[in-house]
2 protein chains.
Amino acid sequence: MRSVAMRLGGLAMAAGLLCAAPALALDGLVEKKVFEMPSYTTTGGGTIKNVRIGWESYGKLNDAKDNAILVTHFFSGSSHAAGKYKAEDTATGYWDSIIGPGKPLDTDKYFIISSDTLVNLSPKDPTVVTTGPASINPDTGKPYGMSFPVVTIRDFVNVQKALLDSLGIKSLQAVMGGSMGSLQAFEWGASYPEMVRRVIAAIGGAEADPFLIGWLNLWAAPIKVDPNWQNGDYYGKEEPKAGLTEALKLVTLHARHWKWADATFGRKWAEEGKDPRLSMNNQYAIEAWLDKAAAARASVSDANHFLYLVKANQTFVTGNGGTVEEGLAKIKAPVLLIPSADDMVFPPDGNMRPLKERLEKQGLKVEYTDAITSTLGHLDGVVNIGKAGDTIAQFLTK
Amino acid sequence: MRSVAMRLGGLAMAAGLLCAAPALALDGLVEKKVFEMPSYTTTGGGTIKNVRIGWESYGKLNDAKDNAILVTHFFSGSSHAAGKYKAEDTATGYWDSIIGPGKPLDTDKYFIISSDTLVNLSPKDPTVVTTGPASINPDTGKPYGMSFPVVTIRDFVNVQKALLDSLGIKSLQAVMGGSMGSLQAFEWGASYPEMVRRVIAAIGGAEADPFLIGWLNLWAAPIKVDPNWQNGDYYGKEEPKAGLTEALKLVTLHARHWKWADATFGRKWAEEGKDPRLSMNNQYAIEAWLDKAAAARASVSDANHFLYLVKANQTFVTGNGGTVEEGLAKIKAPVLLIPSADDMVFPPDGNMRPLKERLEKQGLKVEYTDAITSTLGHLDGVVNIGKAGDTIAQFLTK
């Protein structure tokens with residue numbers, strides 16, 4: 001196993017650096033690096049050769065290597081949790097509001113590390129490095145497609161563990177993630193209880209409840225209906241872009257809320273003079289926006305990766321195999337739960353609220369705040385995480 | 001305009017009966033009849049020739065013809081609100097719990113009438129009679145497809161008005177509907193304020209809010225991705241069944257709730273021995289159920305009708321043209337609002353709760369009950385309407 005540093009500014013790569021510690025502070029630019037494993041065996045018994053995942057970090061790993069916080073990403077996210085890769089980047093990483101010098105995840109104090117998961121949604125994004133159905137199977141020289149092994153959240157965690165091992169990190173101040181990232185945080189807490197000192201889970205839950213399993217099925221559906229999907233065998237041919245775009249529209253809307261739609265669009269038409277009541281082709285503004293936003297996402301995403309992510313989320317139960325009670329019983333760390341009250345993907349009354357009681361019953365210290373709730377529903381957990389900043393900062397000192 | 005009685009038991013038709021009053025009480029069998037208009041001009045200026053819609057009634061129209069209640073149906077519903085067409089029918093109409101002798105919509109007292117809307121979802125259902133894209137355009141001898149004019153909720157109301165005119169009904173004790181039926185109830189109240197004595201609206205709202213507009217776009221999406229859709233020109237060819245099925249899965253799940261999913265399926269696998277973690281093809285029970293339930297619905301549904309219904313719902317604002325305030329200002333009748341607290345399609349905090357205040361401000365008597373809330377979300381408005389039975393019965397006496 002080795003780490004590969006890749007400067008994304010110029011896309012230059014310097015290979016072969018063992019256990020490379022980050023050279024740049026967050027006030028500088030963030031460097032994307034690549035971690036490689038010659039082979040990984042999934043929890044389901046499948047083999048993936050030449051695993052490559054991207055990672056980045058903010059702050060400095062101390063000599064004792066005990067100041068690390070692992071940040072795990074959401075469904076459509078990547079390792080890019082904070083900072084910028086290039087000075088001219090218009091956007092920062094998704095949780096930049098809480099990661100940086102003097103911020104709750106204080107880079108003057110902590111070494112924050114985050115990696116792209118296996119089957120990351122966006123293999124065509126030049127800032128993402130992942131291994132999945134779109135990757136070349138070294139045995140055939142062709143993309144895996146649907147022959148790629150099924151992977152679980154535990155597989156994401158295991159590859160992250162190998163990355164941390166390669167850096168000599170043996171304990172984590174916290175694992176923190178939102179949405180699918182929270183599933184990884186719980187799985188970390190259950191898989192490596194001696195290593196994880198705190199679990200911070202935002203807008204998520206300890207398992208995929210059956211309603212979410214159904215929703216995820218529906219997220220995936222437009223891809224499978226698209227004639228270009230061809231059971232996943234579309235590489236080098238016309239890709240199922242229409243289906244992928246509709247799938248991404250579903251994710252986009254499901255992760256939001258009517259308050260956002262009211263405030264952002266109202267019943268405005270997409271085009272002046274084109275009354276939606278007069279033609280089946282005339283749209284409302286929110287429809288045109290969804291089309292455009294999802295098409296942009298689709299251009300860097302892969303349809304099969306989407307399906308594998310759906311599967312990984314559907315199959316998630318903390319502990320990966322038994323009941324959720326058995327999985328949670330393995331967690332030793334205090335847990336901070338950060339739901340959005342209006343979350344439609346992980347509604348707190350079905351997820352984090354009962355989870356709080358369950359974890360307390362097993363004797364864990366649990367904190368709960370829905371201070372992030374604004375008008376965005378699920379997405380509050382990304383955009384408004386800063387509203388839980390004080391709670392997070394305090395939780396990290398306890 | 002004329003009414004045509006059609007006995008669905010033997011599918012025999014007796015044509016030409018003018019203003020036929022129903023002969024059967026609800027303790028007998030329900031008869032489906034057909035109302036025809038030689039031509040109808042839509043609010044958008046389109047012309048539909050040979051309009052045919054099905055209707056049925058329960059109870060007896062009195063001599064003064066002033067004891068009628070109009071029941072308007074939901075997106076995937078039909079005129080079949082109560083009773084059975086044939087003794088061997090396993091299911092009754094959807095609101096049978098509140099329609100019948102001694103029930104809140106008391107057939108010993110009221111004449112309850114309900115009709116299939118234009119572009120009803122299920123033209124292949126032998127108990128449904130509707131006119132829409134799947135109907136033959138008399139000018140071409142071929143199905144309209146996407147050349148069918150855009151229709152609005154107001155068009156549904158106008159055709160119902162013509163049906164009531166044909167029966168000599170000049171006032172309504174109430175118009176009552178759930179979901180899309182509630183949109184029609186509000187539109188009736190605004191369009192014919194002198195005729196409508198009460199508006200009873202369940203699980204709905206006075207307009208399609210932008211979030212719902214977005215959701216409806218997504219409901220429709222799988223149909224448009226299906227290569228068999230062919231821009232609506234699929235009649236006599238292979239139909240877009242896969243897309244329609246996925247669309248109906250979305251409707252089905254969106255209209256339900258995680259409490260229902262938890263109680264009904266849990267995380268059960270679809271097939272014993274087929275662990276969803278081991279194959280991309282292995283499913284959870286809720287996925288297999290959604291597939292099956294939606295496929296059954298798809299077999300009697302039409303994809304273009306689905307798209308036209310989506311459009312009719314998206315474009316809905318009470319009053320059909322101005323602002324919702326202008327539309328609501330036309331309503332003179334007392335209003336009973338019956339939301340489900342867990343409704344994800346018409347969330348009450350964004351719809352019926354603010355609507356209550358708005359209607360009260362304009363001086364209307366408004367009642368509000370979410371007594372129907374159980375575990376089904378939106379669907380509580382169909383399945384559990386009986387829980388609001390007393391409130392409905394009392395409202396009808398005021």
# chains A, B, ... in the order shown; residues from 1 in each chain; ligands from 1
call {"tool": "residues_around", "arguments": {"residues": "B:Ser179", "least_positions_apart": "3", "cutoff": "8 Å", "atoms": "only C-alpha atoms", "output": "list in words"}}
result
His73, Phe74, Phe75, Ser182, Leu183, Ala201, Ala202, Ile203, Gly204, Gly205, Phe346 and Gly381 of chain B
call {"tool": "interface_residues", "arguments": {"of": "chain B", "to": "chain A", "cutoff": "7 Å", "atoms": "only C-alpha atoms", "output": "PyMOL selection string"}}
result
chain B and resi 44+150+209-211+214+217-218+221-222+225-227+242-243+246+250+258+261-262+265-267+276-280+286-287+315
call {"tool": "write_last_selection", "arguments": {"atoms": "C-alpha atoms", "output": "mmCIF file, in the first residue's frame"}}
result
data_model
loop_
_atom_site.group_PDB
_atom_site.id
_atom_site.type_symbol
_atom_site.label_atom_id
_atom_site.label_comp_id
_atom_site.auth_asym_id
_atom_site.auth_seq_id
_atom_site.Cartn_x
_atom_site.Cartn_y
_atom_site.Cartn_z
ATOM 1 C CA GLY B 44 -56.700 27.019 -22.609
ATOM 2 C CA VAL B 150 -53.573 20.610 -21.983
ATOM 3 C CA ASP B 209 -46.689 24.665 -4.266
ATOM 4 C CA PRO B 210 -43.353 24.775 -6.117
ATOM 5 C CA PHE B 211 -41.957 21.780 -4.245
ATOM 6 C CA GLY B 214 -40.928 19.631 -8.741
ATOM 7 C CA ASN B 217 -41.997 16.570 -12.668
ATOM 8 C CA LEU B 218 -40.087 13.682 -11.106
ATOM 9 C CA ALA B 221 -39.652 11.514 -15.498
ATOM 10 C CA PRO B 222 -39.358 7.710 -15.864
ATOM 11 C CA VAL B 225 -36.897 8.254 -20.246
ATOM 12 C CA ASP B 226 -38.591 5.055 -21.440
ATOM 13 C CA PRO B 227 -37.646 4.570 -25.124
ATOM 14 C CA ALA B 242 -41.331 0.130 -17.550
ATOM 15 C CA GLY B 243 -41.368 3.925 -17.251
ATOM 16 C CA GLU B 246 -41.489 3.360 -12.116
ATOM 17 C CA LEU B 250 -42.928 6.951 -7.050
ATOM 18 C CA TRP B 258 -41.811 5.500 6.954
ATOM 19 C CA ALA B 261 -42.764 0.871 5.760
ATOM 20 C CA ASP B 262 -41.416 -0.009 9.205
ATOM 21 C CA PHE B 265 -41.754 -4.631 5.749
ATOM 22 C CA GLY B 266 -38.952 -3.798 8.127
ATOM 23 C CA ARG B 267 -35.671 -4.707 6.462
ATOM 24 C CA PRO B 276 -29.314 -8.096 -0.908
ATOM 25 C CA ARG B 277 -25.694 -7.547 0.149
ATOM 26 C CA LEU B 278 -24.518 -10.356 -2.086
ATOM 27 C CA SER B 279 -25.953 -9.422 -5.468
ATOM 28 C CA MET B 280 -27.061 -6.277 -7.236
ATOM 29 C CA ILE B 286 -40.364 -3.279 0.080
ATOM 30 C CA GLU B 287 -38.695 -3.072 -3.331
ATOM 31 C CA THR B 315 -50.773 24.191 -12.962
#
call {"tool": "residues_around", "arguments": {"residues": "stretch 112-118 of chain A", "least_positions_apart": "2", "cutoff": "7 Å", "atoms": "only C-alpha atoms", "output": "list in words"}}
result
Ile53, Gly54, Trp55, Glu56, Ser57, Tyr58, Gly59, Ala68, Ile69, Leu70, Val71, Thr72, Ser78, Ser79, Thr107, Tyr110, Asn120, Val128, Val129, Thr130, Thr131, Gly132 and Phe156 of chain A
call {"tool": "atom_distance", "arguments": {"atom1": "atom CA of A:Ala82", "atom2": "atom CA of A:Gln184"}}
result
18.6 Å
call {"tool": "residues_around", "arguments": {"residues": "B:Gly319", "least_positions_apart": "2", "cutoff": "9 Å", "atoms": "only C-alpha atoms", "output": "ChimeraX atom specification"}}
result
/B:154,186-188,190-191,316-317,321-330
call {"tool": "write_last_selection", "arguments": {"atoms": "N, CA and C atoms", "output": "PDB file, in the first residue's frame"}}
result
ATOM      1  N   ARG B 154     -59.646  23.113 -13.519  1.00  0.00           N
ATOM      2  CA  ARG B 154     -60.866  23.836 -13.863  1.00  0.00           C
ATOM      3  C   ARG B 154     -61.630  23.144 -14.992  1.00  0.00           C
ATOM      4  N   PHE B 186     -61.795  22.920  -4.090  1.00  0.00           N
ATOM      5  CA  PHE B 186     -61.507  24.360  -3.979  1.00  0.00           C
ATOM      6  C   PHE B 186     -61.912  25.089  -5.265  1.00  0.00           C
ATOM      7  N   GLU B 187     -61.608  24.460  -6.387  1.00  0.00           N
ATOM      8  CA  GLU B 187     -61.935  25.095  -7.668  1.00  0.00           C
ATOM      9  C   GLU B 187     -63.446  25.226  -7.837  1.00  0.00           C
ATOM     10  N   TRP B 188     -64.178  24.223  -7.402  1.00  0.00           N
ATOM     11  CA  TRP B 188     -65.642  24.316  -7.415  1.00  0.00           C
ATOM     12  C   TRP B 188     -66.111  25.494  -6.557  1.00  0.00           C
ATOM     13  N   ALA B 190     -64.599  28.169  -5.795  1.00  0.00           N
ATOM     14  CA  ALA B 190     -64.241  29.464  -6.393  1.00  0.00           C
ATOM     15  C   ALA B 190     -64.973  29.710  -7.708  1.00  0.00           C
ATOM     16  N   SER B 191     -65.256  28.641  -8.443  1.00  0.00           N
ATOM     17  CA  SER B 191     -65.871  28.793  -9.767  1.00  0.00           C
ATOM     18  C   SER B 191     -67.382  28.973  -9.682  1.00  0.00           C
ATOM     19  N   PHE B 316     -52.205  23.888 -11.018  1.00  0.00           N
ATOM     20  CA  PHE B 316     -53.366  24.268 -10.213  1.00  0.00           C
ATOM     21  C   PHE B 316     -53.104  25.416  -9.233  1.00  0.00           C
ATOM     22  N   VAL B 317     -53.923  26.435  -9.400  1.00  0.00           N
ATOM     23  CA  VAL B 317     -54.076  27.498  -8.409  1.00  0.00           C
ATOM     24  C   VAL B 317     -55.582  27.762  -8.331  1.00  0.00           C
ATOM     25  N   GLY B 321     -55.892  30.970 -12.805  1.00  0.00           N
ATOM     26  CA  GLY B 321     -55.382  32.055 -13.633  1.00  0.00           C
ATOM     27  C   GLY B 321     -54.710  33.143 -12.824  1.00  0.00           C
ATOM     28  N   GLY B 322     -55.327  33.567 -11.766  1.00  0.00           N
ATOM     29  CA  GLY B 322     -54.735  34.634 -10.964  1.00  0.00           C
ATOM     30  C   GLY B 322     -53.902  34.081  -9.831  1.00  0.00           C
ATOM     31  N   THR B 323     -53.778  34.868  -8.781  1.00  0.00           N
ATOM     32  CA  THR B 323     -53.069  34.401  -7.603  1.00  0.00           C
ATOM     33  C   THR B 323     -54.008  33.533  -6.766  1.00  0.00           C
ATOM     34  N   VAL B 324     -53.418  32.791  -5.851  1.00  0.00           N
ATOM     35  CA  VAL B 324     -54.239  31.940  -4.990  1.00  0.00           C
ATOM     36  C   VAL B 324     -55.151  32.803  -4.102  1.00  0.00           C
ATOM     37  N   GLU B 325     -54.666  33.978  -3.731  1.00  0.00           N
ATOM     38  CA  GLU B 325     -55.498  34.884  -2.913  1.00  0.00           C
ATOM     39  C   GLU B 325     -56.744  35.297  -3.697  1.00  0.00           C
ATOM     40  N   GLU B 326     -56.546  35.652  -4.962  1.00  0.00           N
ATOM     41  CA  GLU B 326     -57.685  36.033  -5.799  1.00  0.00           C
ATOM     42  C   GLU B 326     -58.674  34.881  -5.947  1.00  0.00           C
ATOM     43  N   GLY B 327     -58.128  33.684  -6.117  1.00  0.00           N
ATOM     44  CA  GLY B 327     -58.995  32.512  -6.276  1.00  0.00           C
ATOM     45  C   GLY B 327     -59.778  32.215  -5.019  1.00  0.00           C
ATOM     46  N   LEU B 328     -59.074  32.206  -3.895  1.00  0.00           N
ATOM     47  CA  LEU B 328     -59.743  31.883  -2.630  1.00  0.00           C
ATOM     48  C   LEU B 328     -60.786  32.927  -2.266  1.00  0.00           C
ATOM     49  N   ALA B 329     -60.535  34.181  -2.659  1.00  0.00           N
ATOM     50  CA  ALA B 329     -61.468  35.268  -2.328  1.00  0.00           C
ATOM     51  C   ALA B 329     -62.853  35.025  -2.929  1.00  0.00           C
ATOM     52  N   LYS B 330     -62.906  34.182  -3.952  1.00  0.00           N
ATOM     53  CA  LYS B 330     -64.205  33.907  -4.590  1.00  0.00           C
ATOM     54  C   LYS B 330     -65.044  32.892  -3.818  1.00  0.00           C
TER      55      LYS B 330
END
call {"tool": "closest_residue", "arguments": {"among": "A:Leu379, A:Ala64, A:Ala81, A:Ala255", "to": "A:Lys32", "atoms": "only C-alpha atoms"}}
result
A:Ala81
call {"tool": "residues_around", "arguments": {"residues": "A:Ser135", "least_positions_apart": "6", "cutoff": "12 Å", "atoms": "only C-alpha atoms", "output": "short mmCIF file (atom, residue, chain, number, x, y, z; two decimals) with N, CA, C and O atoms, in the first residue's frame"}}
result
data_model
loop_
_atom_site.label_atom_id
_atom_site.label_comp_id
_atom_site.auth_asym_id
_atom_site.auth_seq_id
_atom_site.Cartn_x
_atom_site.Cartn_y
_atom_site.Cartn_z
N ILE A 48 -11.23 -6.80 -5.37
CA ILE A 48 -10.99 -5.63 -6.22
C ILE A 48 -9.49 -5.39 -6.26
O ILE A 48 -8.88 -5.15 -5.22
N LYS A 49 -8.92 -5.49 -7.44
CA LYS A 49 -7.49 -5.24 -7.58
C LYS A 49 -7.25 -3.76 -7.87
O LYS A 49 -8.12 -3.07 -8.39
N ASN A 50 -6.05 -3.34 -7.55
CA ASN A 50 -5.63 -1.96 -7.86
C ASN A 50 -6.61 -0.91 -7.34
O ASN A 50 -7.08 -0.05 -8.09
N VAL A 51 -6.96 -1.04 -6.07
CA VAL A 51 -7.87 -0.04 -5.49
C VAL A 51 -7.14 1.30 -5.39
O VAL A 51 -6.02 1.38 -4.88
N ARG A 52 -7.80 2.33 -5.86
CA ARG A 52 -7.27 3.69 -5.74
C ARG A 52 -8.37 4.58 -5.20
O ARG A 52 -9.47 4.61 -5.75
N ILE A 53 -8.10 5.29 -4.14
CA ILE A 53 -9.05 6.31 -3.67
C ILE A 53 -8.30 7.60 -3.37
O ILE A 53 -7.15 7.58 -2.93
N LEU A 118 -15.05 4.20 -2.10
CA LEU A 118 -15.21 3.31 -3.24
C LEU A 118 -16.48 3.72 -3.97
O LEU A 118 -17.38 4.30 -3.36
N VAL A 119 -16.61 3.40 -5.21
CA VAL A 119 -17.78 3.67 -6.05
C VAL A 119 -18.31 5.09 -5.88
O VAL A 119 -19.51 5.33 -5.97
N ASN A 120 -17.41 6.03 -5.63
CA ASN A 120 -17.82 7.44 -5.53
C ASN A 120 -18.63 7.83 -6.77
O ASN A 120 -18.34 7.39 -7.89
N SER A 122 -18.78 10.34 -8.62
CA SER A 122 -18.28 11.25 -9.65
C SER A 122 -16.89 10.90 -10.19
O SER A 122 -15.96 11.69 -10.11
N PRO A 123 -16.76 9.72 -10.80
CA PRO A 123 -15.43 9.34 -11.29
C PRO A 123 -14.93 10.23 -12.42
O PRO A 123 -13.73 10.23 -12.71
N LYS A 124 -15.85 10.96 -13.06
CA LYS A 124 -15.42 11.84 -14.16
C LYS A 124 -14.99 13.21 -13.66
O LYS A 124 -14.50 14.03 -14.45
N VAL A 129 -10.93 10.63 -7.04
CA VAL A 129 -10.23 9.39 -7.38
C VAL A 129 -10.95 8.25 -6.67
O VAL A 129 -11.07 8.24 -5.44
N GLY A 141 -9.00 -5.80 -18.76
CA GLY A 141 -8.63 -4.59 -19.48
C GLY A 141 -9.81 -3.73 -19.86
O GLY A 141 -9.68 -2.74 -20.59
N LYS A 142 -10.99 -4.10 -19.34
CA LYS A 142 -12.21 -3.34 -19.64
C LYS A 142 -12.87 -2.86 -18.34
O LYS A 142 -12.63 -3.43 -17.27
N PRO A 143 -13.73 -1.87 -18.44
CA PRO A 143 -14.41 -1.43 -17.22
C PRO A 143 -15.23 -2.59 -16.62
O PRO A 143 -15.80 -3.40 -17.36
N TYR A 144 -15.27 -2.62 -15.28
CA TYR A 144 -16.02 -3.68 -14.59
C TYR A 144 -17.50 -3.69 -14.99
O TYR A 144 -18.09 -4.74 -15.17
N GLY A 145 -18.13 -2.52 -15.09
CA GLY A 145 -19.58 -2.49 -15.22
C GLY A 145 -20.21 -3.21 -14.03
O GLY A 145 -19.70 -3.13 -12.91
N MET A 146 -21.28 -3.94 -14.29
CA MET A 146 -22.01 -4.59 -13.20
C MET A 146 -21.31 -5.84 -12.68
O MET A 146 -21.82 -6.51 -11.77
N SER A 147 -20.12 -6.16 -13.21
CA SER A 147 -19.36 -7.27 -12.63
C SER A 147 -18.56 -6.81 -11.42
O SER A 147 -17.93 -7.63 -10.73
N PHE A 148 -18.56 -5.51 -11.15
CA PHE A 148 -17.87 -5.02 -9.95
C PHE A 148 -18.56 -5.62 -8.73
O PHE A 148 -19.79 -5.73 -8.70
N TYR A 235 -19.89 1.57 -21.37
CA TYR A 235 -18.63 2.31 -21.48
C TYR A 235 -18.12 2.30 -22.92
O TYR A 235 -18.16 1.27 -23.60
N ASP A 302 -21.22 8.82 -12.77
CA ASP A 302 -21.34 7.57 -13.51
C ASP A 302 -22.59 6.83 -13.04
O ASP A 302 -22.82 6.67 -11.83
N ASN A 304 -23.53 3.62 -13.20
CA ASN A 304 -23.33 2.40 -12.42
C ASN A 304 -22.85 2.71 -11.00
O ASN A 304 -23.25 2.05 -10.04
N HIS A 305 -21.98 3.70 -10.88
CA HIS A 305 -21.54 4.11 -9.54
C HIS A 305 -22.76 4.53 -8.72
O HIS A 305 -22.85 4.19 -7.53
#
call {"tool": "select_by_dssp", "arguments": {"residues": "stretch 133-365 of chain B", "states": "helix (DSSP H, G or I)", "output": "ChimeraX atom specification"}}
result
/B:145-147,153-166,180-191,210-225,230-232,241-254,258-264,285-298,303-314,324-329,352-361
call {"tool": "atom_distance", "arguments": {"atom1": "atom CA of B:Ala206", "atom2": "atom CA of A:Ser340"}}
result
27.5 Å
